[in-house]
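Peer 1: Have a look at this one.
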Amino acid sequence: MSPVLEEVWSETTSDFPKEVADEWWTKMLKKYSEDGRSYHNIQHLEEKFEQFKTVKQTVKNANAVALAIFFHYYEYDPKAVDCEEKNCEHFNNFADESGLPNESPLRSAVVDLLHAAATHSTDAHKTEELFGSDDLHFFLDIDMAVLGSDPEQYAEYTAKVQQEYAFLPESMYRSLRLKVLQSFLQIPNIFATKEFREKFESKARANIQKEVESLKK
């Protein structure tokens, strides 16, 4: 049980039918507590909402961003390639059951955020000194914030992520992880928004560089 998350969920879904919101909250807890989720679990969700709290007054549609955070990793399977698609479906099922019309701006905003999560890249990531200020940029930066955490927390994060990929031979995991990390170092900006870039960019690059060196050994 997570009182903090339950409070956020209740607040975010306060305009939805209570029985639907309660049913999906139970599903949410069950999903994020599944075996094999060493990292993408309830604790991870709580950490993302800690970051969300810092920009809640800045984003244009706080409820859309919050719902997108909840559904972003609702379905999580490192072996699958269609989790983003499935999570859009889950959110649409929730919206249908809640009576949220297809043309609802809230519904469209959440779906757009969930679709964009698959690429994780915008002009603000690719262009030096360009900042993003749309909700999409904050949504993506919240997901990346762990990269700029303190070294101890970063080490804990990398160990948990590796556990989720335990089905891969270690050499293959190291190779794939290295490719992902090097792609971060090659783009001008890991973080799109001014707020997150100023807070996390330099720490994230230092953490990633250190991990890259350890994976090459």
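Note on naming: chains are A, B, ... as they come in the structure tokens, residues start from 1 per chain, ligands start from 1 in the order shown.
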Might you pull out every residue within 8 Å of segment 78-92 of chain A, with only C-alpha atoms counted and same-chain residues fewer than 5 positions away left off, and present them as a PyMOL selection string?
Peer 2: chain A and resi 71-73+107+111+114-115+117-118+164-165
Peer 1: Next, the residues of the selection above should be written as a tab-separated table (two decimals), in the first residue's frame with N, CA, C and O atoms.
Peer 2:
chain	number	residue	atom	x	y	z
A	71	PHE	N	0.23	5.45	-16.03
A	71	PHE	CA	0.05	4.41	-17.05
A	71	PHE	C	1.32	4.13	-17.87
A	71	PHE	O	1.35	3.16	-18.61
A	72	HIS	N	2.35	4.94	-17.70
A	72	HIS	CA	3.57	4.80	-18.51
A	72	HIS	C	4.19	3.41	-18.41
A	72	HIS	O	4.60	2.81	-19.40
A	73	TYR	N	4.27	2.88	-17.19
A	73	TYR	CA	4.84	1.54	-17.00
A	73	TYR	C	3.82	0.58	-16.39
A	73	TYR	O	4.19	-0.37	-15.72
A	107	ARG	N	-8.20	13.27	-22.34
A	107	ARG	CA	-7.91	11.95	-22.93
A	107	ARG	C	-6.86	12.06	-24.04
A	107	ARG	O	-5.89	11.30	-24.07
A	111	VAL	N	-3.00	10.37	-24.06
A	111	VAL	CA	-2.61	9.46	-25.15
A	111	VAL	C	-1.38	10.00	-25.88
A	111	VAL	O	-0.45	9.25	-26.20
A	114	LEU	N	1.72	9.36	-23.77
A	114	LEU	CA	2.09	7.95	-23.75
A	114	LEU	C	2.71	7.52	-25.08
A	114	LEU	O	3.68	6.75	-25.10
A	115	HIS	N	2.20	8.04	-26.19
A	115	HIS	CA	2.78	7.72	-27.50
A	115	HIS	C	4.20	8.30	-27.61
A	115	HIS	O	5.11	7.65	-28.12
A	117	ALA	N	6.31	8.80	-25.33
A	117	ALA	CA	7.27	8.15	-24.43
A	117	ALA	C	8.14	7.14	-25.16
A	117	ALA	O	9.26	6.84	-24.73
A	118	ALA	N	7.65	6.62	-26.27
A	118	ALA	CA	8.39	5.60	-27.00
A	118	ALA	C	9.67	6.14	-27.61
A	118	ALA	O	10.67	5.43	-27.71
A	164	GLU	N	16.19	-6.77	-13.84
A	164	GLU	CA	15.02	-6.92	-14.71
A	164	GLU	C	15.39	-7.56	-16.05
A	164	GLU	O	14.52	-8.08	-16.74
A	165	TYR	N	16.67	-7.49	-16.38
A	165	TYR	CA	17.14	-8.10	-17.64
A	165	TYR	C	17.94	-9.38	-17.38
A	165	TYR	O	18.79	-9.76	-18.17
Peer 1: Show which residues sit within 9 Å of segment 201-206 of chain A, as a PDB file with N, CA and C atoms, in the first residue's frame. Count only C-alpha atoms, and ignore same-chain residues fewer than 6 positions away.
Peer 2:
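Now in result.pdb:
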ATOM      1  N   ALA A 145      14.916  11.579 -14.508  1.00  0.00           N
ATOM      2  CA  ALA A 145      15.532  12.224 -13.340  1.00  0.00           C
ATOM      3  C   ALA A 145      16.492  11.311 -12.589  1.00  0.00           C
ATOM      4  N   VAL A 146      16.215  10.019 -12.569  1.00  0.00           N
ATOM      5  CA  VAL A 146      17.075   9.072 -11.841  1.00  0.00           C
ATOM      6  C   VAL A 146      18.510   9.111 -12.358  1.00  0.00           C
ATOM      7  N   LEU A 147      18.691   9.458 -13.620  1.00  0.00           N
ATOM      8  CA  LEU A 147      20.045   9.509 -14.189  1.00  0.00           C
ATOM      9  C   LEU A 147      20.895  10.571 -13.488  1.00  0.00           C
ATOM     10  N   GLY A 148      20.241  11.592 -12.945  1.00  0.00           N
ATOM     11  CA  GLY A 148      20.969  12.654 -12.256  1.00  0.00           C
ATOM     12  C   GLY A 148      20.938  12.534 -10.743  1.00  0.00           C
ATOM     13  N   SER A 149      20.649  11.343 -10.261  1.00  0.00           N
ATOM     14  CA  SER A 149      20.587  11.138  -8.806  1.00  0.00           C
ATOM     15  C   SER A 149      21.994  11.037  -8.210  1.00  0.00           C
ATOM     16  N   ASP A 150      22.066  10.977  -6.887  1.00  0.00           N
ATOM     17  CA  ASP A 150      23.367  10.833  -6.220  1.00  0.00           C
ATOM     18  C   ASP A 150      24.000   9.501  -6.630  1.00  0.00           C
ATOM     19  N   PRO A 151      25.334   9.422  -6.636  1.00  0.00           N
ATOM     20  CA  PRO A 151      26.013   8.208  -7.107  1.00  0.00           C
ATOM     21  C   PRO A 151      25.519   6.908  -6.458  1.00  0.00           C
ATOM     22  N   PHE A 184      23.007   8.576 -24.943  1.00  0.00           N
ATOM     23  CA  PHE A 184      22.731   9.730 -24.079  1.00  0.00           C
ATOM     24  C   PHE A 184      23.892  10.721 -24.110  1.00  0.00           C
ATOM     25  N   LEU A 185      25.099  10.202 -24.101  1.00  0.00           N
ATOM     26  CA  LEU A 185      26.271  11.082 -24.075  1.00  0.00           C
ATOM     27  C   LEU A 185      26.469  11.815 -25.401  1.00  0.00           C
ATOM     28  N   ASN A 189      21.526  17.374 -25.083  1.00  0.00           N
ATOM     29  CA  ASN A 189      20.817  17.509 -23.801  1.00  0.00           C
ATOM     30  C   ASN A 189      20.096  16.224 -23.417  1.00  0.00           C
ATOM     31  N   ILE A 190      20.375  15.738 -22.208  1.00  0.00           N
ATOM     32  CA  ILE A 190      19.630  14.588 -21.681  1.00  0.00           C
ATOM     33  C   ILE A 190      18.268  15.076 -21.177  1.00  0.00           C
ATOM     34  N   PHE A 191      18.260  16.295 -20.637  1.00  0.00           N
ATOM     35  CA  PHE A 191      17.022  16.876 -20.097  1.00  0.00           C
ATOM     36  C   PHE A 191      16.556  18.031 -20.976  1.00  0.00           C
TER      37      PHE A 191
END
Peer 1: Determine the nearest neighbour of Tyr76 of chain A from the options A:Asp123, A:Asp143, A:Asp35, A:Glu128, counting only C-alpha atoms.
Peer 2: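 Counting only C-alpha atoms, the residue closest to Tyr76 of chain A is A:Asp35.
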Peer 1: Please provide as a PyMOL selection string all residues within 10 Å of segment 93-100 of chain A, with the sequence filter that same-chain residues fewer than 3 positions apart are discarded (counting only C-alpha atoms).
Peer 2: chain A and resi 13+15-21+23-24+87-90+103-107
Peer 1: Which one of A:Leu176, A:Leu67, A:Ala109, A:Leu181 sits closest to Asp134 of chain A if you count only C-alpha atoms?
Peer 2: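 Smallest distance to Asp134 of chain A is found for A:Ala109.
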Peer 1: DSSP says helix (DSSP H, G or I) for which residues of segment 52-165 of chain A? Put them as a PyMOL selection string?
Peer 2: chain A and resi 52-55+62-72+83-97+105-116+123-126+135-148+151-164
Peer 1: How far is it from atom CA of Pro188 of chain A to atom CA of His125 of chain A, in Å with one decimal?
Peer 2: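 Atom CA of His125 of chain A lies at a distance of 6.3 Å from atom CA of Pro188 of chain A.
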Peer 1: What lies within 12 Å of Glu195 of chain A using only C-alpha atoms, ignoring chain neighbours under 6 positions off, as a VMD selection string?
Peer 2: chain A and resid 51 to 52 54 to 55 58 to 59 131 to 133 137 to 138 141 to 142 145 201
Peer 1: I want to know what sits within 10 Å of Leu29 of chain A, based on only C-alpha atoms, with residues of the same chain fewer than 2 positions away left out; could you give that as a list of chain:residue names?
Peer 2: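 Contacts, with the query itself left out: A:Met1, A:Ser2, A:Leu5, A:Glu6, A:Trp24, A:Trp25, A:Thr26, A:Lys27, A:Lys31, A:Tyr32, A:Ser33, A:Glu34, A:Asn41, A:Ile42, A:Tyr74.
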Peer 1: What's the separation between atom CA of Gly36 of chain A and atom CA of Glu75 of chain A, in Å to one decimal place?
Peer 2: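 Computing it gives 12.2 Å between the two atoms.
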Peer 1: Would you work out the distance separating atom CA of Ile208 of chain A from atom CA of Tyr154 of chain A, expressed in Å to one decimal?
Peer 2: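 Atom CA of Ile208 of chain A sits 9.2 Å away from atom CA of Tyr154 of chain A.
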Peer 1: Using only C-alpha atoms for the distances, tell me which of A:Thr193, A:Ser214, A:Thr12, A:Gln209 is nearest to Ala124 of chain A.
Peer 2: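 Ranked by minimum distance to Ala124 of chain A, first place goes to A:Thr193.
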Peer 1: Tell me which protein, DNA and RNA residues are within 12 Å of Lys179 of chain A, counting only C-alpha atoms, leaving out same-chain ones fewer than 3 positions away, and put them as number ranges by chain.
Peer 2: A: 172-176, 182-186, 208, 211-212, 215-216
Peer 1: Next, dump the selected residues to file, keeping only all heavy atoms, as a compact mmCIF listing (two decimals), in the first residue's frame.
Peer 2:
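Final output, saved to again21.txt:
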# COMPACT_ATOMS: atom_id res chain seq x y z
N MET A 172 25.62 -9.77 -23.23
CA MET A 172 24.64 -9.12 -24.10
C MET A 172 24.02 -7.90 -23.42
O MET A 172 23.84 -6.85 -24.03
CB MET A 172 23.55 -10.11 -24.51
CG MET A 172 22.61 -9.57 -25.59
SD MET A 172 21.29 -10.73 -26.02
CE MET A 172 22.23 -12.00 -26.83
N TYR A 173 23.72 -8.07 -22.12
CA TYR A 173 23.15 -6.94 -21.38
C TYR A 173 24.12 -5.77 -21.38
O TYR A 173 23.73 -4.63 -21.64
CB TYR A 173 22.83 -7.34 -19.93
CG TYR A 173 22.38 -6.14 -19.12
CD1 TYR A 173 21.09 -5.64 -19.23
CD2 TYR A 173 23.29 -5.47 -18.27
CE1 TYR A 173 20.70 -4.52 -18.53
CE2 TYR A 173 22.90 -4.34 -17.57
CZ TYR A 173 21.61 -3.86 -17.70
OH TYR A 173 21.24 -2.73 -17.02
N ARG A 174 25.40 -6.06 -21.08
CA ARG A 174 26.41 -4.99 -21.03
C ARG A 174 26.50 -4.27 -22.36
O ARG A 174 26.59 -3.04 -22.42
CB ARG A 174 27.76 -5.57 -20.63
CG ARG A 174 27.82 -6.01 -19.17
CD ARG A 174 29.04 -6.86 -18.89
NE ARG A 174 30.24 -6.07 -18.75
CZ ARG A 174 30.73 -5.63 -17.60
NH1 ARG A 174 30.09 -5.91 -16.46
NH2 ARG A 174 31.83 -4.93 -17.55
N SER A 175 26.46 -5.03 -23.43
CA SER A 175 26.56 -4.45 -24.77
C SER A 175 25.36 -3.54 -25.08
O SER A 175 25.52 -2.42 -25.58
CB SER A 175 26.65 -5.58 -25.79
OG SER A 175 26.53 -5.08 -27.08
N LEU A 176 24.15 -4.02 -24.76
CA LEU A 176 22.94 -3.23 -25.02
C LEU A 176 22.89 -1.99 -24.14
O LEU A 176 22.53 -0.90 -24.59
CB LEU A 176 21.69 -4.09 -24.79
CG LEU A 176 21.44 -5.21 -25.79
CD1 LEU A 176 20.32 -6.12 -25.30
CD2 LEU A 176 21.10 -4.65 -27.16
N GLN A 182 25.69 5.38 -24.31
CA GLN A 182 26.49 6.18 -25.23
C GLN A 182 25.61 7.10 -26.07
O GLN A 182 26.00 8.21 -26.41
CB GLN A 182 27.35 5.27 -26.12
CG GLN A 182 28.52 4.68 -25.33
CD GLN A 182 29.28 3.60 -26.08
OE1 GLN A 182 28.70 2.88 -26.90
NE2 GLN A 182 30.56 3.46 -25.79
N SER A 183 24.39 6.64 -26.34
CA SER A 183 23.47 7.50 -27.10
C SER A 183 23.09 8.74 -26.27
O SER A 183 22.91 9.83 -26.82
CB SER A 183 22.22 6.73 -27.53
OG SER A 183 21.37 6.47 -26.42
N PHE A 184 23.01 8.58 -24.94
CA PHE A 184 22.73 9.73 -24.08
C PHE A 184 23.89 10.72 -24.11
O PHE A 184 23.68 11.93 -24.14
CB PHE A 184 22.51 9.28 -22.62
CG PHE A 184 21.15 8.71 -22.35
CD1 PHE A 184 21.00 7.52 -21.66
CD2 PHE A 184 20.00 9.36 -22.77
CE1 PHE A 184 19.75 6.99 -21.39
CE2 PHE A 184 18.74 8.84 -22.50
CZ PHE A 184 18.62 7.65 -21.82
N LEU A 185 25.10 10.20 -24.10
CA LEU A 185 26.27 11.08 -24.08
C LEU A 185 26.47 11.81 -25.40
O LEU A 185 27.10 12.86 -25.44
CB LEU A 185 27.53 10.28 -23.73
CG LEU A 185 27.59 9.68 -22.32
CD1 LEU A 185 28.85 8.86 -22.14
CD2 LEU A 185 27.48 10.77 -21.25
N GLN A 186 25.91 11.26 -26.47
CA GLN A 186 26.11 11.86 -27.79
C GLN A 186 25.12 12.98 -28.10
O GLN A 186 25.36 13.79 -28.99
CB GLN A 186 26.01 10.78 -28.87
CG GLN A 186 27.27 9.91 -28.95
CD GLN A 186 27.04 8.58 -29.64
OE1 GLN A 186 25.97 8.32 -30.17
NE2 GLN A 186 28.05 7.73 -29.62
N ILE A 208 26.60 8.59 -15.95
CA ILE A 208 26.59 7.76 -17.17
C ILE A 208 28.02 7.46 -17.62
O ILE A 208 28.34 6.31 -17.96
CB ILE A 208 25.78 8.45 -18.29
CG1 ILE A 208 24.30 8.46 -17.91
CG2 ILE A 208 25.98 7.74 -19.63
CD1 ILE A 208 23.43 9.35 -18.79
N GLU A 211 29.45 4.79 -15.49
CA GLU A 211 28.89 3.47 -15.78
C GLU A 211 29.45 2.92 -17.11
O GLU A 211 29.75 1.74 -17.23
CB GLU A 211 27.36 3.52 -15.84
CG GLU A 211 26.76 2.12 -15.94
CD GLU A 211 25.25 2.08 -16.09
OE1 GLU A 211 24.60 3.15 -16.02
OE2 GLU A 211 24.70 0.98 -16.29
N VAL A 212 29.59 3.82 -18.08
CA VAL A 212 30.15 3.41 -19.39
C VAL A 212 31.54 2.82 -19.19
O VAL A 212 31.88 1.75 -19.74
CB VAL A 212 30.19 4.63 -20.37
CG1 VAL A 212 31.12 4.35 -21.55
CG2 VAL A 212 28.80 4.94 -20.88
N LEU A 215 31.34 -0.63 -17.67
CA LEU A 215 30.83 -1.65 -18.60
C LEU A 215 31.86 -2.06 -19.63
O LEU A 215 31.80 -3.16 -20.19
CB LEU A 215 29.57 -1.12 -19.32
CG LEU A 215 28.30 -0.99 -18.48
CD1 LEU A 215 27.24 -0.19 -19.23
CD2 LEU A 215 27.76 -2.36 -18.10
N LYS A 216 32.81 -1.19 -19.89
CA LYS A 216 33.85 -1.48 -20.89
C LYS A 216 34.94 -2.39 -20.34
O LYS A 216 35.74 -2.94 -21.08
CB LYS A 216 34.48 -0.17 -21.39
CG LYS A 216 33.60 0.58 -22.38
CD LYS A 216 34.30 1.85 -22.83
CE LYS A 216 33.54 2.55 -23.94
NZ LYS A 216 34.17 3.83 -24.31
